[in-house]
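Enquirer: Here you go, one structure.
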Amino acid sequence: MSKIRAPRNRTITLTEEEKNLFTNDLIQIAESVKVSTITNQIANQDVFQIAEYLPEKFADLLILDPPYNLTKTFNSSTFKKRSIEQYAQWFENLLVKLLPTLKNTASVYVCSEWFTSTAIHLVLEKYLTVRNRITWEREKGRGAKKNWKNASEDIWFASVSDDYVFNLEDVKLKRKVLAPYTHSNGEPKDWKKTENGSFRVTHPSNLWNDITVPFWSMPENTDHPTQKPEKLLAKLILASTNKNDFVFDPFMGTGSSIVTAKKLGRNFFAIELEKEYCLLAAKRLNLTETDNSIQGYSSGVFYERNTPNFQKNKHLSE
């Protein structure tokens, strides 16, 4: 039975007509393909089965958001928790299959939960140069009676070589100034005063507390149980690619990575086993034709969580 949703619920769903329509947007790969065949496409398949058919060195950015080492059901499939050693072996088998798709200048981001995060690090270190670990705060999550509430996730940042893209100016954060220091002449020191308050544009750190997990009133929300926010993906894509570069996501889910890539003028290729998720991603791509906004990102600046819209609409030059 379909869910009964509140009138203001903006969760993206599919009608039967849309399912039939967007099925035509999905591709199947059964032999070696050229880059042109997969550009801006979604393959409804298992990455382990088609990795060998993908072109070599086509990806500028690999975003890996594989099933976490938790027992979790994704629509019609279930991933079961394994030992850390078993999960590390599973992840290594995956990574080895994907390495040939990466350009020498490519970057890699891998999402992980705390339990197997260190295992991800050790596997990445065998094949790539590990640059950093991003930790981002999830404001959602269940409490625990005999443990600390899990309210964060990790994203490991690695590169194929020392020649990689990092666009610092594109990922700075606009923060409200609480202690507005001034020069001796009274001029603001490293901040700007606007009619809506005082703000400072700061360097991005590896601790992110400005991310909102998609929920029912957000236009990007779907019923995927572990959907990543477009704002989070925008940071990764803007930092580690340039316009028209190629983003590759082999565990696409409902398409946050490729939708964000399209909004930011990048090419993409994605793989997803669950057809329902592929169709939702195809619909989301279609919706970008009339709305290419990214919540929490405006006028080239990332804003703190819950920044009022009237402040986001004021450019830094004020």
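Quick note on naming: the chains in the structure tokens go A, B, ... in the order shown, residues restart at 1 in each chain, and ligands are numbered from 1 in order of appearance.
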Write out as a list in words the residues lying within 7 Å of region 111-118 of chain A, counting only C-alpha atoms and excluding same-chain residues fewer than 5 positions away.
Expert: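 Counting only the stated atoms, we get Leu64, Asp65, Tyr68, Asn69, Ile84, Glu153, Asp154, Ile155 and Trp156 of chain A.
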Enquirer: Counting only C-alpha atoms, which of A:Phe251, A:Phe58, A:Tyr297, A:Val33 gets nearest to Leu94 (chain A)?
Expert: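 Answer, going by the shortest atom-to-atom distance: A:Phe251.
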Enquirer: Residues within 10 Å of Lys176 (chain A), please, as a list in words. Count only C-alpha atoms; anything in the same chain fewer than 6 positions from it doesn't count.
Expert: Trp191, Lys192, Gly197, Ser198, Phe199, Arg200, Val201, Tyr303, Glu304 and Thr307 of chain A
